[in-house]
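Next up, data_10.pdb (PDB, C-alpha atoms, pLDDT in the B column):
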```pdb
MODEL        1
ATOM      1  CA  MET A 245       0.000   0.000   0.000  1.00 50.00           C
ATOM      2  CA  SER A 246       1.494   3.284  -1.142  1.00 59.00           C
ATOM      3  CA  PHE A 247       1.901   6.188   1.267  1.00 55.00           C
ATOM      4  CA  PHE A 248       1.328   8.785  -1.482  1.00 58.00           C
ATOM      5  CA  LYS A 249      -2.309   8.084  -2.210  1.00 67.00           C
ATOM      6  CA  SER A 250      -4.361  11.165  -3.102  1.00 68.00           C
ATOM      7  CA  ARG A 251      -5.952  11.259   0.334  1.00 68.00           C
ATOM      8  CA  ASN A 252      -2.565  11.111   2.099  1.00 74.00           C
ATOM      9  CA  LEU A 253      -1.105  13.667  -0.291  1.00 76.00           C
ATOM     10  CA  LEU A 254      -3.888  16.135   0.580  1.00 77.00           C
ATOM     11  CA  LEU A 255      -3.202  15.586   4.275  1.00 79.00           C
ATOM     12  CA  VAL A 256       0.538  16.220   3.794  1.00 80.00           C
ATOM     13  CA  MET A 257      -0.193  19.407   1.810  1.00 82.00           C
ATOM     14  CA  ALA A 258      -2.596  20.655   4.515  1.00 85.00           C
ATOM     15  CA  LEU A 259       0.037  20.024   7.200  1.00 86.00           C
ATOM     16  CA  ALA A 260       2.699  21.825   5.117  1.00 88.00           C
ATOM     17  CA  LEU A 261       0.377  24.824   4.647  1.00 90.00           C
ATOM     18  CA  ALA A 262      -0.371  24.897   8.379  1.00 89.00           C
ATOM     19  CA  LEU A 263       3.357  24.806   9.111  1.00 89.00           C
ATOM     20  CA  VAL A 264       4.027  27.696   6.690  1.00 89.00           C
ATOM     21  CA  LEU A 265       1.241  29.758   8.279  1.00 88.00           C
ATOM     22  CA  LEU A 266       2.617  29.044  11.738  1.00 85.00           C
ATOM     23  CA  VAL A 267       6.098  30.198  10.672  1.00 84.00           C
ATOM     24  CA  VAL A 268       4.637  33.429   9.180  1.00 83.00           C
ATOM     25  CA  ILE A 269       2.717  34.146  12.382  1.00 81.00           C
ATOM     26  CA  VAL A 270       5.765  33.559  14.579  1.00 76.00           C
ATOM     27  CA  VAL A 271       8.039  35.694  12.389  1.00 74.00           C
ATOM     28  CA  ARG A 272       5.573  38.592  12.052  1.00 76.00           C
ATOM     29  CA  TYR A 273       4.313  38.515  15.646  1.00 71.00           C
ATOM     30  CA  GLN A 274       5.118  41.650  17.644  1.00 65.00           C
ATOM     31  CA  PRO A 275       4.462  41.733  21.342  1.00 68.00           C
ATOM     32  CA  GLU A 276       1.841  44.233  22.497  1.00 68.00           C
ATOM     33  CA  SER A 277       4.491  46.169  24.439  1.00 69.00           C
ATOM     34  CA  GLN A 278       6.409  46.850  21.211  1.00 68.00           C
ATOM     35  CA  LEU A 279       3.240  48.117  19.481  1.00 64.00           C
ATOM     36  CA  LEU A 280       2.465  50.396  22.439  1.00 71.00           C
ATOM     37  CA  ARG A 281       6.004  51.822  22.244  1.00 72.00           C
ATOM     38  CA  ILE A 282       5.493  52.603  18.541  1.00 65.00           C
ATOM     39  CA  GLU A 283       2.112  54.190  19.255  1.00 66.00           C
ATOM     40  CA  LYS A 284       3.594  56.429  21.979  1.00 70.00           C
ATOM     41  CA  ALA A 285       6.277  57.663  19.553  1.00 68.00           C
ATOM     42  CA  LEU A 286       3.624  58.968  17.143  1.00 65.00           C
ATOM     43  CA  PRO A 287       2.446  62.597  17.574  1.00 67.00           C
ATOM     44  CA  LYS A 288      -0.721  63.023  19.654  1.00 74.00           C
ATOM     45  CA  GLY A 289      -3.892  63.950  17.784  1.00 74.00           C
ATOM     46  CA  ILE A 290      -2.536  63.051  14.333  1.00 76.00           C
ATOM     47  CA  ASP A 291      -4.583  60.644  12.192  1.00 75.00           C
ATOM     48  CA  VAL A 292      -2.268  60.514   9.190  1.00 80.00           C
ATOM     49  CA  SER A 293       1.248  61.786   8.635  1.00 80.00           C
ATOM     50  CA  LEU A 294       2.950  61.660   5.238  1.00 85.00           C
ATOM     51  CA  GLN A 295       6.460  62.818   4.362  1.00 87.00           C
ATOM     52  CA  ASP A 296       8.128  63.998   1.141  1.00 91.00           C
ATOM     53  CA  ILE A 297       4.902  64.731  -0.749  1.00 88.00           C
ATOM     54  CA  ASP A 298       4.868  65.315  -4.519  1.00 91.00           C
ATOM     55  CA  TYR A 299       1.260  65.459  -5.736  1.00 88.00           C
ATOM     56  CA  THR A 300      -0.056  66.706  -9.085  1.00 88.00           C
ATOM     57  CA  HIS A 301      -3.789  67.471  -9.284  1.00 85.00           C
ATOM     58  CA  ILE A 302      -5.290  66.498 -12.659  1.00 87.00           C
ATOM     59  CA  GLU A 303      -8.630  67.746 -14.034  1.00 84.00           C
ATOM     60  CA  GLU A 304      -9.972  66.564 -17.395  1.00 86.00           C
ATOM     61  CA  GLY A 305      -6.608  65.063 -18.275  1.00 87.00           C
ATOM     62  CA  ARG A 306      -4.631  68.252 -17.562  1.00 87.00           C
ATOM     63  CA  ALA A 307      -2.363  69.135 -14.668  1.00 87.00           C
ATOM     64  CA  ARG A 308      -3.950  72.031 -12.728  1.00 84.00           C
ATOM     65  CA  TRP A 309      -1.513  72.304  -9.846  1.00 85.00           C
ATOM     66  CA  ARG A 310       1.371  70.493  -8.193  1.00 88.00           C
ATOM     67  CA  LEU A 311       2.164  70.372  -4.470  1.00 88.00           C
ATOM     68  CA  ILE A 312       5.566  69.499  -3.092  1.00 92.00           C
ATOM     69  CA  ALA A 313       5.846  69.463   0.708  1.00 92.00           C
ATOM     70  CA  ARG A 314       8.139  68.121   3.389  1.00 92.00           C
ATOM     71  CA  GLN A 315       5.285  66.733   5.495  1.00 91.00           C
ATOM     72  CA  VAL A 316       1.476  66.655   5.653  1.00 89.00           C
ATOM     73  CA  GLU A 317      -0.440  65.771   8.818  1.00 88.00           C
ATOM     74  CA  ARG A 318      -4.187  65.397   9.352  1.00 86.00           C
ATOM     75  CA  ARG A 319      -5.286  66.508  12.798  1.00 81.00           C
ATOM     76  CA  ALA A 320      -7.897  64.228  14.382  1.00 79.00           C
ATOM     77  CA  GLU A 321      -9.707  66.848  16.481  1.00 81.00           C
ATOM     78  CA  SER A 322     -10.247  69.455  13.740  1.00 80.00           C
ATOM     79  CA  GLY A 323      -9.923  67.391  10.573  1.00 81.00           C
ATOM     80  CA  SER A 324      -7.597  70.050   9.181  1.00 86.00           C
ATOM     81  CA  LEU A 325      -4.396  69.351   7.297  1.00 88.00           C
ATOM     82  CA  THR A 326      -1.087  70.912   8.274  1.00 90.00           C
ATOM     83  CA  VAL A 327       1.417  71.165   5.434  1.00 92.00           C
ATOM     84  CA  ASP A 328       5.080  71.733   6.274  1.00 94.00           C
ATOM     85  CA  ASN A 329       7.105  73.743   3.740  1.00 95.00           C
ATOM     86  CA  PRO A 330       4.523  73.744   0.903  1.00 93.00           C
ATOM     87  CA  ARG A 331       5.645  74.598  -2.639  1.00 92.00           C
ATOM     88  CA  MET A 332       2.906  74.827  -5.261  1.00 89.00           C
ATOM     89  CA  THR A 333       2.938  75.392  -9.004  1.00 89.00           C
ATOM     90  CA  PHE A 334      -0.251  76.363 -10.856  1.00 86.00           C
ATOM     91  CA  TYR A 335      -0.849  75.572 -14.534  1.00 88.00           C
ATOM     92  CA  ASP A 336      -2.991  77.257 -17.201  1.00 84.00           C
ATOM     93  CA  GLU A 337      -5.286  75.484 -19.706  1.00 84.00           C
ATOM     94  CA  GLN A 338      -2.373  74.769 -22.074  1.00 85.00           C
ATOM     95  CA  GLY A 339      -0.226  73.272 -19.307  1.00 84.00           C
ATOM     96  CA  GLY A 340       2.106  76.252 -18.992  1.00 87.00           C
ATOM     97  CA  THR A 341       3.140  77.600 -15.604  1.00 89.00           C
ATOM     98  CA  LYS A 342       0.644  80.211 -14.413  1.00 86.00           C
ATOM     99  CA  GLY A 343       2.281  80.947 -11.072  1.00 87.00           C
ATOM    100  CA  SER A 344       3.828  79.524  -7.937  1.00 90.00           C
ATOM    101  CA  LEU A 345       3.476  79.764  -4.191  1.00 92.00           C
ATOM    102  CA  GLN A 346       5.628  78.847  -1.233  1.00 95.00           C
ATOM    103  CA  ALA A 347       5.434  79.229   2.554  1.00 96.00           C
ATOM    104  CA  ASN A 348       6.857  77.749   5.726  1.00 97.00           C
ATOM    105  CA  GLN A 349       3.506  76.218   6.730  1.00 96.00           C
ATOM    106  CA  GLY A 350       0.006  75.765   5.371  1.00 93.00           C
ATOM    107  CA  ILE A 351      -3.221  74.873   7.155  1.00 91.00           C
ATOM    108  CA  ILE A 352      -6.105  73.500   5.073  1.00 87.00           C
ATOM    109  CA  SER A 353      -9.648  73.292   6.465  1.00 87.00           C
ATOM    110  CA  GLU A 354     -11.486  69.972   6.705  1.00 84.00           C
ATOM    111  CA  ASP A 355     -13.702  70.857   3.721  1.00 83.00           C
ATOM    112  CA  TYR A 356     -10.682  72.116   1.700  1.00 80.00           C
ATOM    113  CA  GLN A 357     -12.376  75.508   1.221  1.00 84.00           C
ATOM    114  CA  LYS A 358      -9.987  77.611   3.323  1.00 88.00           C
ATOM    115  CA  VAL A 359      -6.200  77.655   3.264  1.00 90.00           C
ATOM    116  CA  GLY A 360      -3.958  79.593   5.637  1.00 92.00           C
ATOM    117  CA  LEU A 361      -0.305  80.137   4.763  1.00 94.00           C
ATOM    118  CA  ARG A 362       2.197  81.255   7.395  1.00 96.00           C
ATOM    119  CA  GLY A 363       5.855  82.283   7.370  1.00 96.00           C
ATOM    120  CA  ASP A 364       7.755  83.724   4.390  1.00 96.00           C
ATOM    121  CA  VAL A 365       4.838  83.512   1.959  1.00 96.00           C
ATOM    122  CA  ILE A 366       5.927  84.155  -1.650  1.00 95.00           C
ATOM    123  CA  LEU A 367       3.446  84.268  -4.527  1.00 92.00           C
ATOM    124  CA  LYS A 368       4.739  84.596  -8.121  1.00 90.00           C
ATOM    125  CA  ASN A 369       2.820  84.874 -11.377  1.00 86.00           C
ATOM    126  CA  ALA A 370       3.918  84.226 -14.952  1.00 84.00           C
ATOM    127  CA  ALA A 371       3.907  87.964 -15.755  1.00 84.00           C
ATOM    128  CA  GLY A 372       6.880  88.409 -13.416  1.00 86.00           C
ATOM    129  CA  TYR A 373       5.188  89.925 -10.366  1.00 89.00           C
ATOM    130  CA  THR A 374       6.116  88.611  -6.923  1.00 93.00           C
ATOM    131  CA  LEU A 375       4.162  89.170  -3.711  1.00 93.00           C
ATOM    132  CA  TYR A 376       5.797  88.781  -0.285  1.00 96.00           C
ATOM    133  CA  THR A 377       4.060  88.599   3.107  1.00 96.00           C
ATOM    134  CA  ASP A 378       4.163  86.626   6.368  1.00 97.00           C
ATOM    135  CA  ALA A 379       0.570  85.372   6.303  1.00 96.00           C
ATOM    136  CA  LEU A 380      -2.030  84.808   3.591  1.00 93.00           C
ATOM    137  CA  ASP A 381      -5.525  83.274   3.864  1.00 92.00           C
ATOM    138  CA  TYR A 382      -7.407  81.888   0.855  1.00 89.00           C
ATOM    139  CA  ASP A 383     -11.188  81.390   0.712  1.00 88.00           C
ATOM    140  CA  GLN A 384     -12.420  79.141  -2.123  1.00 82.00           C
ATOM    141  CA  ALA A 385     -16.040  80.355  -1.816  1.00 86.00           C
ATOM    142  CA  THR A 386     -15.118  83.980  -2.604  1.00 88.00           C
ATOM    143  CA  HIS A 387     -11.918  83.276  -4.575  1.00 85.00           C
ATOM    144  CA  THR A 388     -10.077  85.834  -2.467  1.00 88.00           C
ATOM    145  CA  ALA A 389      -6.758  85.828  -0.662  1.00 89.00           C
ATOM    146  CA  THR A 390      -6.391  88.171   2.315  1.00 92.00           C
ATOM    147  CA  SER A 391      -3.680  89.259   4.713  1.00 95.00           C
ATOM    148  CA  ASP A 392      -3.497  91.615   7.690  1.00 95.00           C
ATOM    149  CA  MET A 393       0.307  91.611   7.567  1.00 96.00           C
ATOM    150  CA  PRO A 394       2.713  93.926   5.725  1.00 96.00           C
ATOM    151  CA  VAL A 395       2.807  93.108   1.999  1.00 95.00           C
ATOM    152  CA  GLN A 396       5.356  93.867  -0.720  1.00 95.00           C
ATOM    153  CA  MET A 397       4.731  93.442  -4.448  1.00 92.00           C
ATOM    154  CA  LEU A 398       7.617  93.671  -6.916  1.00 92.00           C
ATOM    155  CA  GLY A 399       7.747  93.478 -10.705  1.00 90.00           C
ATOM    156  CA  ASP A 400       9.428  95.092 -13.682  1.00 86.00           C
ATOM    157  CA  GLY A 401       9.264  98.811 -12.946  1.00 87.00           C
ATOM    158  CA  VAL A 402       6.789  98.384 -10.071  1.00 90.00           C
ATOM    159  CA  SER A 403       7.295  98.277  -6.316  1.00 92.00           C
ATOM    160  CA  LEU A 404       4.388  98.493  -3.871  1.00 93.00           C
ATOM    161  CA  GLU A 405       4.278  98.103  -0.104  1.00 95.00           C
ATOM    162  CA  GLY A 406       1.372  98.292   2.305  1.00 95.00           C
ATOM    163  CA  SER A 407      -0.378  96.767   5.281  1.00 95.00           C
ATOM    164  CA  GLY A 408      -3.161  94.321   4.635  1.00 93.00           C
ATOM    165  CA  LEU A 409      -4.257  92.862   1.336  1.00 92.00           C
ATOM    166  CA  VAL A 410      -7.347  91.645  -0.453  1.00 92.00           C
ATOM    167  CA  PHE A 411      -6.524  89.744  -3.656  1.00 88.00           C
ATOM    168  CA  TYR A 412      -9.492  89.102  -5.965  1.00 87.00           C
ATOM    169  CA  LEU A 413      -8.268  86.097  -7.930  1.00 80.00           C
ATOM    170  CA  LYS A 414     -11.142  85.902 -10.452  1.00 81.00           C
ATOM    171  CA  GLN A 415     -10.678  89.564 -11.398  1.00 85.00           C
ATOM    172  CA  ASP A 416      -6.855  89.326 -11.188  1.00 80.00           C
ATOM    173  CA  ARG A 417      -6.594  92.472  -9.061  1.00 86.00           C
ATOM    174  CA  PHE A 418      -5.631  93.300  -5.497  1.00 86.00           C
ATOM    175  CA  LEU A 419      -6.155  96.026  -2.920  1.00 91.00           C
ATOM    176  CA  LEU A 420      -3.601  97.131  -0.333  1.00 92.00           C
ATOM    177  CA  ASN A 421      -5.517  98.290   2.763  1.00 92.00           C
ATOM    178  CA  SER A 422      -3.278 100.938   4.369  1.00 93.00           C
ATOM    179  CA  ASP A 423       0.167 102.552   4.625  1.00 93.00           C
ATOM    180  CA  VAL A 424       0.652 102.179   0.868  1.00 92.00           C
ATOM    181  CA  THR A 425       3.874 103.365  -0.720  1.00 93.00           C
ATOM    182  CA  GLY A 426       5.124 102.586  -4.167  1.00 93.00           C
ATOM    183  CA  PHE A 427       7.264 103.240  -7.189  1.00 90.00           C
ATOM    184  CA  PHE A 428       6.209 102.970 -10.815  1.00 85.00           C
ATOM    185  CA  ASP A 429       8.563 103.307 -13.793  1.00 81.00           C
ATOM    186  CA  PRO A 430       6.493 103.060 -17.013  1.00 77.00           C
ATOM    187  CA  ALA A 431       9.676 102.638 -19.102  1.00 75.00           C
ATOM    188  CA  LYS A 432      10.389  99.288 -17.397  1.00 71.00           C
ATOM    189  CA  THR A 433       6.870  97.843 -17.432  1.00 61.00           C
ATOM    190  CA  GLN A 434       5.702  95.656 -20.251  1.00 56.00           C
TER     191      GLN A 434
ENDMDL
END
```

Taking this structure as input, can you express it in the form of structure tokens?
Amino acid sequence: MSFFKSRNLLLVMALALALVLLVVIVVRYQPESQLLRIEKALPKGIDVSLQDIDYTHIEEGRARWRLIARQVERRAESGSLTVDNPRMTFYDEQGGTKGSLQANQGIISEDYQKVGLRGDVILKNAAGYTLYTDALDYDQATHTATSDMPVQMLGDGVSLEGSGLVFYLKQDRFLLNSDVTGFFDPAKTQ
């Protein structure tokens, strides 16, 4: 009587599979104390934390904007996202660069409708104008960017400074609220 009958072969294969599963469980098993140590090392109140982000947002087959950031964290209590060292590039309908933005930190609301930028905020457009401030808040519902901080805008033949800003993105115009000084050289503007 042969040992390798189909019924015995199935039994041997089942035992081999059980042995393999046992080895996997033993190798991958981590004591609860080790998991608790890992959990304690994670920041409190953070649901998700991602590092070295490079994300391109696509709409209708075209790149609309690209975000590069050192770190993104989602806060459990507020649902907001904190973005460390964000760098964004915006693209027009043809895929050309429309402008760029950078800051030390960004805070994005849970519904993605409000964005706050803090620390060395720099906004550049393709026409060559650059806006500098320490804080800028964007509201998607009104398509406006505002700041209560000192603002400087530089371009070819143009230099403006003031306190506070309202930037109407749809109309492509901005308003400096107070303490406005400036220089305009029509020979250098395009």

Expected selection from the PyMOL selection byres ((chain A and resi 392-406) around 10), given as a PyMOL selection string: chain A and resi 365-369+371-381+390-391+407-410+419-434

Hits from the PyMOL selection byres ((chain A and resi 316-328) around 12), listed as an mmCIF file with C-alpha atoms, in the frame of the given file:
```cif
data_model
loop_
_atom_site.group_PDB
_atom_site.id
_atom_site.type_symbol
_atom_site.label_atom_id
_atom_site.label_comp_id
_atom_site.auth_asym_id
_atom_site.auth_seq_id
_atom_site.Cartn_x
_atom_site.Cartn_y
_atom_site.Cartn_z
ATOM 1 C CA LEU A 286 3.624 58.968 17.143
ATOM 2 C CA PRO A 287 2.446 62.597 17.574
ATOM 3 C CA LYS A 288 -0.721 63.023 19.654
ATOM 4 C CA GLY A 289 -3.892 63.950 17.784
ATOM 5 C CA ILE A 290 -2.536 63.051 14.333
ATOM 6 C CA ASP A 291 -4.583 60.644 12.192
ATOM 7 C CA VAL A 292 -2.268 60.514 9.190
ATOM 8 C CA SER A 293 1.248 61.786 8.635
ATOM 9 C CA LEU A 294 2.950 61.660 5.238
ATOM 10 C CA GLN A 295 6.460 62.818 4.362
ATOM 11 C CA ASP A 296 8.128 63.998 1.141
ATOM 12 C CA ILE A 297 4.902 64.731 -0.749
ATOM 13 C CA ASP A 298 4.868 65.315 -4.519
ATOM 14 C CA TYR A 299 1.260 65.459 -5.736
ATOM 15 C CA LEU A 311 2.164 70.372 -4.470
ATOM 16 C CA ILE A 312 5.566 69.499 -3.092
ATOM 17 C CA ALA A 313 5.846 69.463 0.708
ATOM 18 C CA ARG A 314 8.139 68.121 3.389
ATOM 19 C CA GLN A 315 5.285 66.733 5.495
ATOM 20 C CA ASN A 329 7.105 73.743 3.740
ATOM 21 C CA PRO A 330 4.523 73.744 0.903
ATOM 22 C CA ARG A 331 5.645 74.598 -2.639
ATOM 23 C CA MET A 332 2.906 74.827 -5.261
ATOM 24 C CA GLN A 346 5.628 78.847 -1.233
ATOM 25 C CA ALA A 347 5.434 79.229 2.554
ATOM 26 C CA ASN A 348 6.857 77.749 5.726
ATOM 27 C CA GLN A 349 3.506 76.218 6.730
ATOM 28 C CA GLY A 350 0.006 75.765 5.371
ATOM 29 C CA ILE A 351 -3.221 74.873 7.155
ATOM 30 C CA ILE A 352 -6.105 73.500 5.073
ATOM 31 C CA SER A 353 -9.648 73.292 6.465
ATOM 32 C CA GLU A 354 -11.486 69.972 6.705
ATOM 33 C CA ASP A 355 -13.702 70.857 3.721
ATOM 34 C CA TYR A 356 -10.682 72.116 1.700
ATOM 35 C CA GLN A 357 -12.376 75.508 1.221
ATOM 36 C CA LYS A 358 -9.987 77.611 3.323
ATOM 37 C CA VAL A 359 -6.200 77.655 3.264
ATOM 38 C CA GLY A 360 -3.958 79.593 5.637
ATOM 39 C CA LEU A 361 -0.305 80.137 4.763
ATOM 40 C CA ARG A 362 2.197 81.255 7.395
ATOM 41 C CA GLY A 363 5.855 82.283 7.370
#
```

Find the distance between CA of Leu253 in chain A and CA of Ile269 in chain A and write it in Å to one decimal. 24.4 Å

Resolved residues for the PyMOL selection byres ((chain A and resi 307) around 10) as a tab-separated table (two decimals) with C-alpha atoms, keeping the file's coordinate frame:
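File written: expr00.tsv
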```
chain	number	residue	atom	x	y	z
A	300	THR	CA	-0.06	66.71	-9.09
A	301	HIS	CA	-3.79	67.47	-9.28
A	302	ILE	CA	-5.29	66.50	-12.66
A	303	GLU	CA	-8.63	67.75	-14.03
A	304	GLU	CA	-9.97	66.56	-17.40
A	305	GLY	CA	-6.61	65.06	-18.27
A	306	ARG	CA	-4.63	68.25	-17.56
A	308	ARG	CA	-3.95	72.03	-12.73
A	309	TRP	CA	-1.51	72.30	-9.85
A	310	ARG	CA	1.37	70.49	-8.19
A	333	THR	CA	2.94	75.39	-9.00
A	334	PHE	CA	-0.25	76.36	-10.86
A	335	TYR	CA	-0.85	75.57	-14.53
A	336	ASP	CA	-2.99	77.26	-17.20
A	337	GLU	CA	-5.29	75.48	-19.71
A	338	GLN	CA	-2.37	74.77	-22.07
A	339	GLY	CA	-0.23	73.27	-19.31
A	340	GLY	CA	2.11	76.25	-18.99
```

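Going from CA of Ala370 in chain A over to CA of Thr386 in chain A, you cover 22.7 Å.
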
Edge lengths and centre, in Å to one decimal, as JSON: that's what I need for the box along x, y and z that holds all listed atoms of range 359-362 of chain A plus 3 Å on each side.
```
{"center_x": -2.0, "center_y": 79.5, "center_z": 5.3, "size_x": 14.4, "size_y": 9.6, "size_z": 10.1}
```

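Of note, CA of Asp416 in chain A and CA of Asp383 in chain A are spaced 14.9 Å apart.
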
Using all atoms listed in the file, which residues sit within 6 Å of Phe411 in chain A once same-chain residues fewer than 3 positions away are excluded, as a PyMOL selection string? chain A and resi 388-389+418
